[in-house]
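S.K.: I am sharing query_26.pdb, which consists of PDB, C-alpha atoms:
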```pdb
ATOM      1  CA  MET E  18     146.508  55.833  45.652
ATOM      2  CA  THR E  19     148.117  52.406  46.008
ATOM      3  CA  LYS E  20     151.871  52.246  45.453
ATOM      4  CA  VAL E  21     153.391  48.983  44.225
ATOM      5  CA  LEU E  22     157.090  48.139  44.030
ATOM      6  CA  ILE E  23     157.822  45.433  41.446
ATOM      7  CA  LEU E  24     161.192  43.712  41.881
ATOM      8  CA  GLY E  25     162.348  41.835  38.804
ATOM      9  CA  ALA E  26     160.196  44.083  36.635
ATOM     10  CA  ASN E  27     161.538  42.729  33.341
ATOM     11  CA  GLY E  28     160.109  39.275  34.046
ATOM     12  CA  ARG E  29     157.365  38.086  31.722
ATOM     13  CA  ILE E  30     154.706  37.899  34.436
ATOM     14  CA  ALA E  31     155.777  41.271  35.816
ATOM     15  CA  ARG E  32     155.384  42.904  32.399
ATOM     16  CA  ILE E  33     151.840  41.555  32.101
ATOM     17  CA  VAL E  34     151.017  42.839  35.597
ATOM     18  CA  GLU E  35     152.548  46.231  34.805
ATOM     19  CA  GLN E  36     150.502  46.597  31.609
ATOM     20  CA  ARG E  37     147.282  45.580  33.309
ATOM     21  CA  LEU E  38     147.836  47.858  36.297
ATOM     22  CA  LEU E  39     148.395  50.817  33.995
ATOM     23  CA  ALA E  40     145.330  49.990  31.909
ATOM     24  CA  GLU E  41     142.914  48.990  34.655
ATOM     25  CA  THR E  42     143.901  50.885  37.818
ATOM     26  CA  ASP E  43     145.420  54.121  39.079
ATOM     27  CA  VAL E  44     148.233  52.302  40.925
ATOM     28  CA  GLN E  45     151.596  54.085  41.120
ATOM     29  CA  LEU E  46     154.473  51.803  40.083
ATOM     30  CA  THR E  47     158.135  51.606  41.019
ATOM     31  CA  LEU E  48     159.893  49.126  38.738
ATOM     32  CA  GLY E  49     163.169  47.606  39.897
ATOM     33  CA  LEU E  50     165.472  45.655  37.574
ATOM     34  CA  ARG E  51     169.157  45.199  36.831
ATOM     35  CA  ASN E  52     169.110  46.895  33.417
ATOM     36  CA  ALA E  53     166.698  49.820  33.193
ATOM     37  CA  GLY E  54     167.144  49.979  29.414
ATOM     38  CA  ARG E  55     165.115  46.803  29.020
ATOM     39  CA  LEU E  56     161.875  48.524  30.014
ATOM     40  CA  LEU E  57     159.864  50.899  27.882
ATOM     41  CA  VAL E  58     158.097  53.392  30.125
ATOM     42  CA  THR E  59     154.703  54.258  28.660
ATOM     43  CA  SER E  60     153.261  56.250  31.584
ATOM     44  CA  PRO E  61     156.102  58.335  33.070
ATOM     45  CA  GLU E  62     153.691  60.080  35.433
ATOM     46  CA  ARG E  63     152.891  56.707  37.040
ATOM     47  CA  GLU E  64     156.090  54.674  36.544
ATOM     48  CA  THR E  65     159.471  55.116  38.200
ATOM     49  CA  VAL E  66     162.274  52.811  37.048
ATOM     50  CA  ILE E  67     165.071  51.882  39.450
ATOM     51  CA  GLN E  68     168.197  50.116  38.195
ATOM     52  CA  GLY E  69     170.160  47.853  40.510
ATOM     53  CA  ASP E  70     170.454  44.518  42.259
ATOM     54  CA  VAL E  71     167.702  43.453  44.652
ATOM     55  CA  SER E  72     170.333  42.048  47.015
ATOM     56  CA  ASP E  73     171.553  45.625  47.596
ATOM     57  CA  SER E  74     169.890  46.549  50.895
ATOM     58  CA  GLN E  75     170.801  50.239  50.556
ATOM     59  CA  LEU E  76     169.100  50.386  47.168
ATOM     60  CA  LEU E  77     165.983  48.736  48.574
ATOM     61  CA  ASP E  78     165.855  51.178  51.449
ATOM     62  CA  THR E  79     165.797  54.082  48.980
ATOM     63  CA  VAL E  80     162.743  52.754  47.107
ATOM     64  CA  MET E  81     160.843  50.970  49.891
ATOM     65  CA  PRO E  82     159.471  53.959  51.887
ATOM     66  CA  ASN E  83     155.764  54.657  51.327
ATOM     67  CA  GLN E  84     155.197  51.539  49.236
ATOM     68  CA  ASP E  85     151.977  49.631  49.947
ATOM     69  CA  ILE E  86     152.835  46.334  48.278
ATOM     70  CA  VAL E  87     156.048  44.655  47.145
ATOM     71  CA  TYR E  88     155.670  42.142  44.320
ATOM     72  CA  ALA E  89     158.849  40.065  43.885
ATOM     73  CA  ASN E  90     159.309  38.315  40.542
ATOM     74  CA  LEU E  91     162.859  37.018  40.976
ATOM     75  CA  ALA E  92     165.342  34.245  40.259
ATOM     76  CA  GLY E  93     168.767  33.467  41.669
ATOM     77  CA  ASN E  94     169.763  33.246  45.322
ATOM     78  CA  MET E  95     166.197  33.256  46.588
ATOM     79  CA  ALA E  96     166.911  32.871  50.291
ATOM     80  CA  LEU E  97     169.288  35.850  50.259
ATOM     81  CA  LEU E  98     166.824  37.928  48.254
ATOM     82  CA  ALA E  99     163.928  36.998  50.537
ATOM     83  CA  GLN E 100     165.887  37.981  53.647
ATOM     84  CA  THR E 101     167.041  41.278  52.132
ATOM     85  CA  ILE E 102     163.518  42.194  51.013
ATOM     86  CA  ILE E 103     161.887  41.201  54.305
ATOM     87  CA  THR E 104     164.458  43.169  56.300
ATOM     88  CA  SER E 105     163.919  46.303  54.216
ATOM     89  CA  MET E 106     160.129  45.933  54.348
ATOM     90  CA  ASN E 107     160.287  45.701  58.140
ATOM     91  CA  ARG E 108     162.541  48.756  58.389
ATOM     92  CA  ASN E 109     160.213  50.764  56.169
ATOM     93  CA  HIS E 110     156.892  49.403  57.432
ATOM     94  CA  VAL E 111     155.653  48.056  54.088
ATOM     95  CA  PRO E 112     152.556  45.961  54.792
ATOM     96  CA  HIS E 113     152.356  43.265  52.103
ATOM     97  CA  LEU E 114     154.627  41.016  50.020
ATOM     98  CA  ILE E 115     153.664  38.981  46.943
ATOM     99  CA  TRP E 116     156.282  36.318  46.255
ATOM    100  CA  VAL E 117     156.180  34.213  43.076
ATOM    101  CA  THR E 118     157.936  30.854  43.062
ATOM    102  CA  GLY E 119     157.446  27.317  41.788
ATOM    103  CA  SER E 120     155.483  24.370  43.084
ATOM    104  CA  GLY E 121     156.945  21.795  45.454
ATOM    105  CA  LEU E 122     157.855  24.016  48.405
ATOM    106  CA  TYR E 123     156.265  21.574  50.834
ATOM    107  CA  HIS E 124     156.731  18.381  48.783
ATOM    108  CA  GLU E 125     153.056  18.813  47.969
ATOM    109  CA  THR E 126     153.362  18.066  44.248
ATOM    110  CA  PRO E 127     152.400  14.460  43.384
ATOM    111  CA  ASN E 128     154.477  12.309  41.045
ATOM    112  CA  PRO E 129     155.303  12.075  38.241
ATOM    113  CA  PHE E 130     155.225  15.898  38.040
ATOM    114  CA  GLY E 131     156.775  16.313  41.487
ATOM    115  CA  ALA E 132     159.738  14.120  40.579
ATOM    116  CA  TRP E 133     160.093  15.910  37.227
ATOM    117  CA  VAL E 134     160.270  19.305  38.952
ATOM    118  CA  GLU E 135     162.884  18.069  41.411
ATOM    119  CA  GLN E 136     164.974  16.626  38.575
ATOM    120  CA  VAL E 137     164.953  19.532  36.152
ATOM    121  CA  VAL E 138     165.111  22.344  38.721
ATOM    122  CA  GLY E 139     167.706  20.570  40.829
ATOM    123  CA  HIS E 140     167.716  19.835  44.548
ATOM    124  CA  ALA E 141     170.019  22.717  45.467
ATOM    125  CA  ALA E 142     167.832  25.279  43.701
ATOM    126  CA  LYS E 143     164.665  23.760  45.123
ATOM    127  CA  ASN E 144     166.085  23.775  48.651
ATOM    128  CA  ASP E 145     166.995  27.451  48.178
ATOM    129  CA  THR E 146     163.388  28.321  47.246
ATOM    130  CA  ARG E 147     162.150  26.338  50.246
ATOM    131  CA  HIS E 148     164.522  28.248  52.517
ATOM    132  CA  ALA E 149     163.249  31.513  51.051
ATOM    133  CA  ALA E 150     159.651  30.491  51.764
ATOM    134  CA  ARG E 151     160.524  29.667  55.367
ATOM    135  CA  ILE E 152     162.122  33.106  55.788
ATOM    136  CA  ILE E 153     158.976  34.776  54.473
ATOM    137  CA  GLU E 154     156.549  32.634  56.466
ATOM    138  CA  SER E 155     158.444  33.131  59.723
ATOM    139  CA  SER E 156     158.580  36.909  59.317
ATOM    140  CA  ASP E 157     156.152  39.529  60.610
ATOM    141  CA  ILE E 158     155.356  40.693  57.077
ATOM    142  CA  PRO E 159     151.879  39.745  55.792
ATOM    143  CA  ALA E 160     152.697  37.854  52.621
ATOM    144  CA  THR E 161     151.178  35.874  49.794
ATOM    145  CA  ILE E 162     153.337  33.132  48.300
ATOM    146  CA  ILE E 163     152.289  31.965  44.841
ATOM    147  CA  ARG E 164     153.465  28.437  43.990
ATOM    148  CA  ALA E 165     153.160  28.054  40.244
ATOM    149  CA  ALA E 166     153.037  24.963  38.066
ATOM    150  CA  TYR E 167     155.152  24.918  34.892
ATOM    151  CA  MET E 168     154.674  28.347  33.296
ATOM    152  CA  THR E 169     153.571  28.840  29.694
ATOM    153  CA  ASP E 170     152.980  31.874  27.483
ATOM    154  CA  ASP E 171     149.412  30.850  26.682
ATOM    155  CA  THR E 172     147.235  33.977  26.821
ATOM    156  CA  LYS E 173     144.258  32.115  28.289
ATOM    157  CA  ILE E 174     143.325  32.962  31.879
ATOM    158  CA  ASP E 175     142.129  29.739  33.499
ATOM    159  CA  TYR E 176     143.294  28.613  36.918
ATOM    160  CA  GLU E 177     142.487  26.877  40.157
ATOM    161  CA  LEU E 178     144.103  27.359  43.545
ATOM    162  CA  THR E 179     145.250  25.026  46.273
ATOM    163  CA  TYR E 180     146.357  26.015  49.750
ATOM    164  CA  LYS E 181     149.264  25.034  51.960
ATOM    165  CA  GLY E 182     148.566  21.604  53.368
ATOM    166  CA  GLU E 183     146.610  20.526  50.285
ATOM    167  CA  ARG E 184     147.864  18.335  47.468
ATOM    168  CA  PHE E 185     148.965  20.406  44.472
ATOM    169  CA  LYS E 186     146.775  20.097  41.372
ATOM    170  CA  GLY E 187     147.818  20.322  37.736
ATOM    171  CA  THR E 188     151.159  20.627  35.982
ATOM    172  CA  MET E 189     150.975  23.799  33.867
ATOM    173  CA  ILE E 190     149.763  27.382  34.166
ATOM    174  CA  SER E 191     149.816  30.422  31.898
ATOM    175  CA  ARG E 192     151.717  33.492  32.975
ATOM    176  CA  ALA E 193     148.555  35.437  32.129
ATOM    177  CA  SER E 194     146.739  33.439  34.830
ATOM    178  CA  ILE E 195     149.430  34.117  37.416
ATOM    179  CA  ALA E 196     149.259  37.813  36.532
ATOM    180  CA  ASP E 197     145.498  37.723  36.989
ATOM    181  CA  LEU E 198     145.878  36.313  40.495
ATOM    182  CA  ILE E 199     148.457  38.997  41.306
ATOM    183  CA  MET E 200     145.993  41.653  40.120
ATOM    184  CA  LYS E 201     143.397  40.300  42.549
ATOM    185  CA  ILE E 202     145.881  40.317  45.416
ATOM    186  CA  ILE E 203     146.935  43.895  44.690
ATOM    187  CA  ALA E 204     143.269  44.929  44.622
ATOM    188  CA  GLU E 205     142.534  43.296  47.979
ATOM    189  CA  PRO E 206     145.784  42.270  49.733
ATOM    190  CA  THR E 207     144.274  41.678  53.163
ATOM    191  CA  ALA E 208     142.075  38.932  51.701
ATOM    192  CA  TYR E 209     145.232  36.990  50.789
ATOM    193  CA  GLU E 210     147.442  37.740  53.792
ATOM    194  CA  ASN E 211     149.600  34.918  55.117
ATOM    195  CA  THR E 212     148.530  32.427  52.462
ATOM    196  CA  SER E 213     150.533  30.127  50.212
ATOM    197  CA  LEU E 214     148.610  29.495  47.018
ATOM    198  CA  GLY E 215     149.297  26.770  44.487
ATOM    199  CA  ILE E 216     148.154  27.791  41.007
ATOM    200  CA  SER E 217     147.601  25.589  37.962
ATOM    201  CA  GLN E 218     145.316  25.184  34.975
ATOM    202  CA  PRO E 219     142.390  22.825  35.621
ATOM    203  CA  GLY E 220     142.576  19.549  33.751
ATOM    204  CA  THR E 221     146.370  19.434  33.387
ATOM    205  CA  ASP E 222     147.038  16.855  36.103
ATOM    206  CA  ASN E 223     148.245  14.182  33.685
ATOM    207  CA  MET E 224     150.076  16.479  31.255
ATOM    208  CA  LEU E 225     153.778  16.205  32.067
ATOM    209  CA  PRO E 226     155.676  19.109  30.421
ATOM    210  CA  GLN E 227     157.942  17.979  27.607
ATOM    211  CA  VAL E 228     160.437  20.829  27.841
ATOM    212  CA  LYS E 229     163.370  21.492  30.144
ATOM    213  CA  LEU E 230     163.321  24.323  32.665
ATOM    214  CA  MET E 231     166.717  25.756  31.782
ATOM    215  CA  ALA E 232     165.067  28.641  29.912
ATOM    216  CA  HIS E 233     162.049  28.795  32.211
ATOM    217  CA  HIS E 234     161.883  32.425  33.296
ATOM    218  CA  ARG E 235     159.164  34.200  35.235
TER     219      ARG E 235
END
```
Translate the structure of the given file into structure tokens.
M.R.:
Amino acid sequence: MTKVLILGANGRIARIVEQRLLAETDVQLTLGLRNAGRLLVTSPERETVIQGDVSDSQLLDTVMPNQDIVYANLAGNMALLAQTIITSMNRNHVPHLIWVTGSGLYHETPNPFGAWVEQVVGHAAKNDTRHAARIIESSDIPATIIRAAYMTDDTKIDYELTYKGERFKGTMISRASIADLIMKIIAEPTAYENTSLGISQPGTDNMLPQVKLMAHHR
């Protein structure tokens, strides 16, 4: 039975993934978040909730053993979190990381959307996510980085992928689509090892989002 550790389990994408994994698979889940009271456990025989901060290496080392996949759905000091997670995964021999972040890690997002992302996210935050990606990509952990366009709560699953070194397509993507990609990776992680995938909805190339990212949570 596959065991998946979700870090940032109260995130909107994470909740979709959790619900789908419970409904469609026999995966065993460990759900990590700062406030355990925010989650409603519906399958106690398959879900273990861990309260705490992901930057706490001792906490990670208590939940990391015997996990098959770590799915990180986080915000904040991304470089610090990436290093802490990678270090614990190495210590505990966990074989795959799924890391969700935004587009523009490699300056691959064309303008005007690329400039919009840089402006509303901020250069310091964007440089932090780029540093986190470099930590992950230079590690020995097989990982899949998901670089998402602007995230929406549309329930439609419709997406296309681009790879590192390719120009990013589109400007928006539903969280349901990102969750669908994560489901595929969990089902067959070796098929996605050491890849960095841009994800967006086809046909949104010229649709610049009209909202600010201040409340843009994963």
S.K.: List as a list in words the protein and nucleic acid residues near Leu77 (chain E), meaning an atom at most 12 Å away when all atoms listed in the file are counted, but skip any in the same chain fewer than 5 places from it.
M.R.: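 In the requested format, the answer is Leu22, Ile23, Leu24, Thr47, Leu48, Gly49, Leu50, Ile67, Gln68, Gly69, Asp70, Val71, Ser72, Pro82, Gln84, Val87, Leu98, Gln100, Thr101, Ile102, Ile103, Thr104, Ser105, Met106, Asn107, Arg108, Asn109 and Val111 of chain E.
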S.K.: Can you tell me how far CA of Thr188 (chain E) sits from CA of Asn223 (chain E), in Å to one decimal?
M.R.: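 Interatomic distance here is 7.4 Å.
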S.K.: Using the chain letters and numbers from this file, what does the PyMOL selection byres ((chain E and resi 28) around 12) select? Give the answer as a PyMOL selection string.
M.R.: chain E and resi 23-27+29-35+48-52+55-56+88-92+117+192+196+233-235
S.K.: Output the residue selection produced by the PyMOL selection byres ((chain E and resi 131) around 12) on the file above, formatted as a PyMOL selection string.
M.R.: chain E and resi 119-130+132-140+143+166-167+184-188+222-223+225-226
S.K.: Nearest to Trp116 (chain E): which of E:Asn94, E:Thr146, E:Thr42, E:Gln75 is it, counting only C-alpha atoms?
M.R.: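 Using only C-alpha atoms, the shortest distance to Trp116 (chain E) belongs to E:Thr146.
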S.K.: Run the PyMOL selection byres ((chain E and resi 169) around 9) on the file and write out the hits as a list of chain:residue names.
M.R.: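 Checked against the file, the PyMOL selection byres ((chain E and resi 169) around 9) matches E:Tyr167, E:Met168, E:Asp170, E:Asp171, E:Thr172, E:Met189, E:Ile190, E:Ser191, E:Arg192, E:Ala193, E:His233.
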S.K.: Please write the residues from the selection above to a file, keeping C-alpha atoms, as a PDB file, in the frame of the given file.
M.R.:
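Produced file part33.pdb, reproduced below:
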```pdb
ATOM      1  CA  TYR E 167     155.152  24.918  34.892  1.00  0.00           C
ATOM      2  CA  MET E 168     154.674  28.347  33.296  1.00  0.00           C
ATOM      3  CA  ASP E 170     152.980  31.874  27.483  1.00  0.00           C
ATOM      4  CA  ASP E 171     149.412  30.850  26.682  1.00  0.00           C
ATOM      5  CA  THR E 172     147.235  33.977  26.821  1.00  0.00           C
ATOM      6  CA  MET E 189     150.975  23.799  33.867  1.00  0.00           C
ATOM      7  CA  ILE E 190     149.763  27.382  34.166  1.00  0.00           C
ATOM      8  CA  SER E 191     149.816  30.422  31.898  1.00  0.00           C
ATOM      9  CA  ARG E 192     151.717  33.492  32.975  1.00  0.00           C
ATOM     10  CA  ALA E 193     148.555  35.437  32.129  1.00  0.00           C
ATOM     11  CA  HIS E 233     162.049  28.795  32.211  1.00  0.00           C
TER      12      HIS E 233
END
```
S.K.: Looking at only C-alpha atoms, which of E:Glu154, E:Glu64, E:Glu183, E:Glu41 is the one that sits closest to Ile203 (chain E)?
M.R.: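 Comparing E:Glu154, E:Glu64, E:Glu183, E:Glu41 against Ile203 (chain E), the winner is E:Glu41.
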S.K.: Nearest to Glu62 (chain E): which of E:Thr79, E:Gln45, E:Gln36, E:Thr19 is it, counting only C-alpha atoms?
M.R.: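 With only C-alpha atoms as the atom set, the closest residue is E:Gln45.
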S.K.: Could you tell me which of E:His113, E:Lys20, E:Arg164, E:His148 comes closest to Leu198 (chain E) if we count all atoms listed in the file?
M.R.: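 Of E:His113, E:Lys20, E:Arg164, E:His148, the one nearest Leu198 (chain E), counting all atoms listed in the file, is E:Arg164.
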S.K.: For Leu214 (chain E), which residue among E:Ala141, E:Val44, E:Val21, E:Ile163 is the nearest when counting all atoms listed in the file?
M.R.: E:Ile163
S.K.: Give as a PyMOL selection string every residue, naming chains and numbers as the document does, that has an atom within 7 Å of (146.1, 29.5, 38.0), counting only C-alpha atoms.
M.R.: chain E and resi 175-178+190+194-195+216-218
S.K.: Put those residues in a file: C-alpha atoms, as a PDB file, keeping the file's coordinate frame.
M.R.:
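What landed in result.pdb:
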```pdb
ATOM      1  CA  ASP E 175     142.129  29.739  33.499  1.00  0.00           C
ATOM      2  CA  TYR E 176     143.294  28.613  36.918  1.00  0.00           C
ATOM      3  CA  GLU E 177     142.487  26.877  40.157  1.00  0.00           C
ATOM      4  CA  LEU E 178     144.103  27.359  43.545  1.00  0.00           C
ATOM      5  CA  ILE E 190     149.763  27.382  34.166  1.00  0.00           C
ATOM      6  CA  SER E 194     146.739  33.439  34.830  1.00  0.00           C
ATOM      7  CA  ILE E 195     149.430  34.117  37.416  1.00  0.00           C
ATOM      8  CA  ILE E 216     148.154  27.791  41.007  1.00  0.00           C
ATOM      9  CA  SER E 217     147.601  25.589  37.962  1.00  0.00           C
ATOM     10  CA  GLN E 218     145.316  25.184  34.975  1.00  0.00           C
TER      11      GLN E 218
END
```
S.K.: For CA of Gly215 (chain E) and CA of Arg147 (chain E), quote the distance in Å rounded to one decimal.
M.R.: 14.1 Å
S.K.: Give the answer as one residue: which of E:Ala96, E:Leu38, E:Leu76, E:Ala142 has the shortest atom-to-atom distance to Ser60 (chain E), using all atoms listed in the file?
M.R.: E:Leu38
S.K.: Please compute the CA of Leu39 (chain E)-CA of Ile86 (chain E) distance, one decimal, in Å.
M.R.: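 Atom-to-atom, CA of Leu39 (chain E) to CA of Ile86 (chain E), that is 15.6 Å.
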S.K.: The residues within 12 Å of (144.1, 41.8, 50.6), using all atoms listed in the file and the coordinates of the file, should be reported as a list in words; which are they?
M.R.: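 Residues with an atom close enough to that point: Asp85, Ile86, Pro112, His113, Leu114, Ile115, Pro159, Ala160, Thr161, Leu198, Ile199, Met200, Lys201, Ile202, Ile203, Ala204, Glu205, Pro206, Thr207, Ala208, Tyr209, Glu210, Asn211 and Thr212 of chain E.
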S.K.: Take the residues just selected and output them with C-alpha atoms as a PDB file, keeping the file's coordinate frame.
M.R.:
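Ended up saving to out_26.pdb:
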```pdb
ATOM      1  CA  ASP E  85     151.977  49.631  49.947  1.00  0.00           C
ATOM      2  CA  ILE E  86     152.835  46.334  48.278  1.00  0.00           C
ATOM      3  CA  PRO E 112     152.556  45.961  54.792  1.00  0.00           C
ATOM      4  CA  HIS E 113     152.356  43.265  52.103  1.00  0.00           C
ATOM      5  CA  LEU E 114     154.627  41.016  50.020  1.00  0.00           C
ATOM      6  CA  ILE E 115     153.664  38.981  46.943  1.00  0.00           C
ATOM      7  CA  PRO E 159     151.879  39.745  55.792  1.00  0.00           C
ATOM      8  CA  ALA E 160     152.697  37.854  52.621  1.00  0.00           C
ATOM      9  CA  THR E 161     151.178  35.874  49.794  1.00  0.00           C
ATOM     10  CA  LEU E 198     145.878  36.313  40.495  1.00  0.00           C
ATOM     11  CA  ILE E 199     148.457  38.997  41.306  1.00  0.00           C
ATOM     12  CA  MET E 200     145.993  41.653  40.120  1.00  0.00           C
ATOM     13  CA  LYS E 201     143.397  40.300  42.549  1.00  0.00           C
ATOM     14  CA  ILE E 202     145.881  40.317  45.416  1.00  0.00           C
ATOM     15  CA  ILE E 203     146.935  43.895  44.690  1.00  0.00           C
ATOM     16  CA  ALA E 204     143.269  44.929  44.622  1.00  0.00           C
ATOM     17  CA  GLU E 205     142.534  43.296  47.979  1.00  0.00           C
ATOM     18  CA  PRO E 206     145.784  42.270  49.733  1.00  0.00           C
ATOM     19  CA  THR E 207     144.274  41.678  53.163  1.00  0.00           C
ATOM     20  CA  ALA E 208     142.075  38.932  51.701  1.00  0.00           C
ATOM     21  CA  TYR E 209     145.232  36.990  50.789  1.00  0.00           C
ATOM     22  CA  GLU E 210     147.442  37.740  53.792  1.00  0.00           C
ATOM     23  CA  ASN E 211     149.600  34.918  55.117  1.00  0.00           C
ATOM     24  CA  THR E 212     148.530  32.427  52.462  1.00  0.00           C
TER      25      THR E 212
END
```
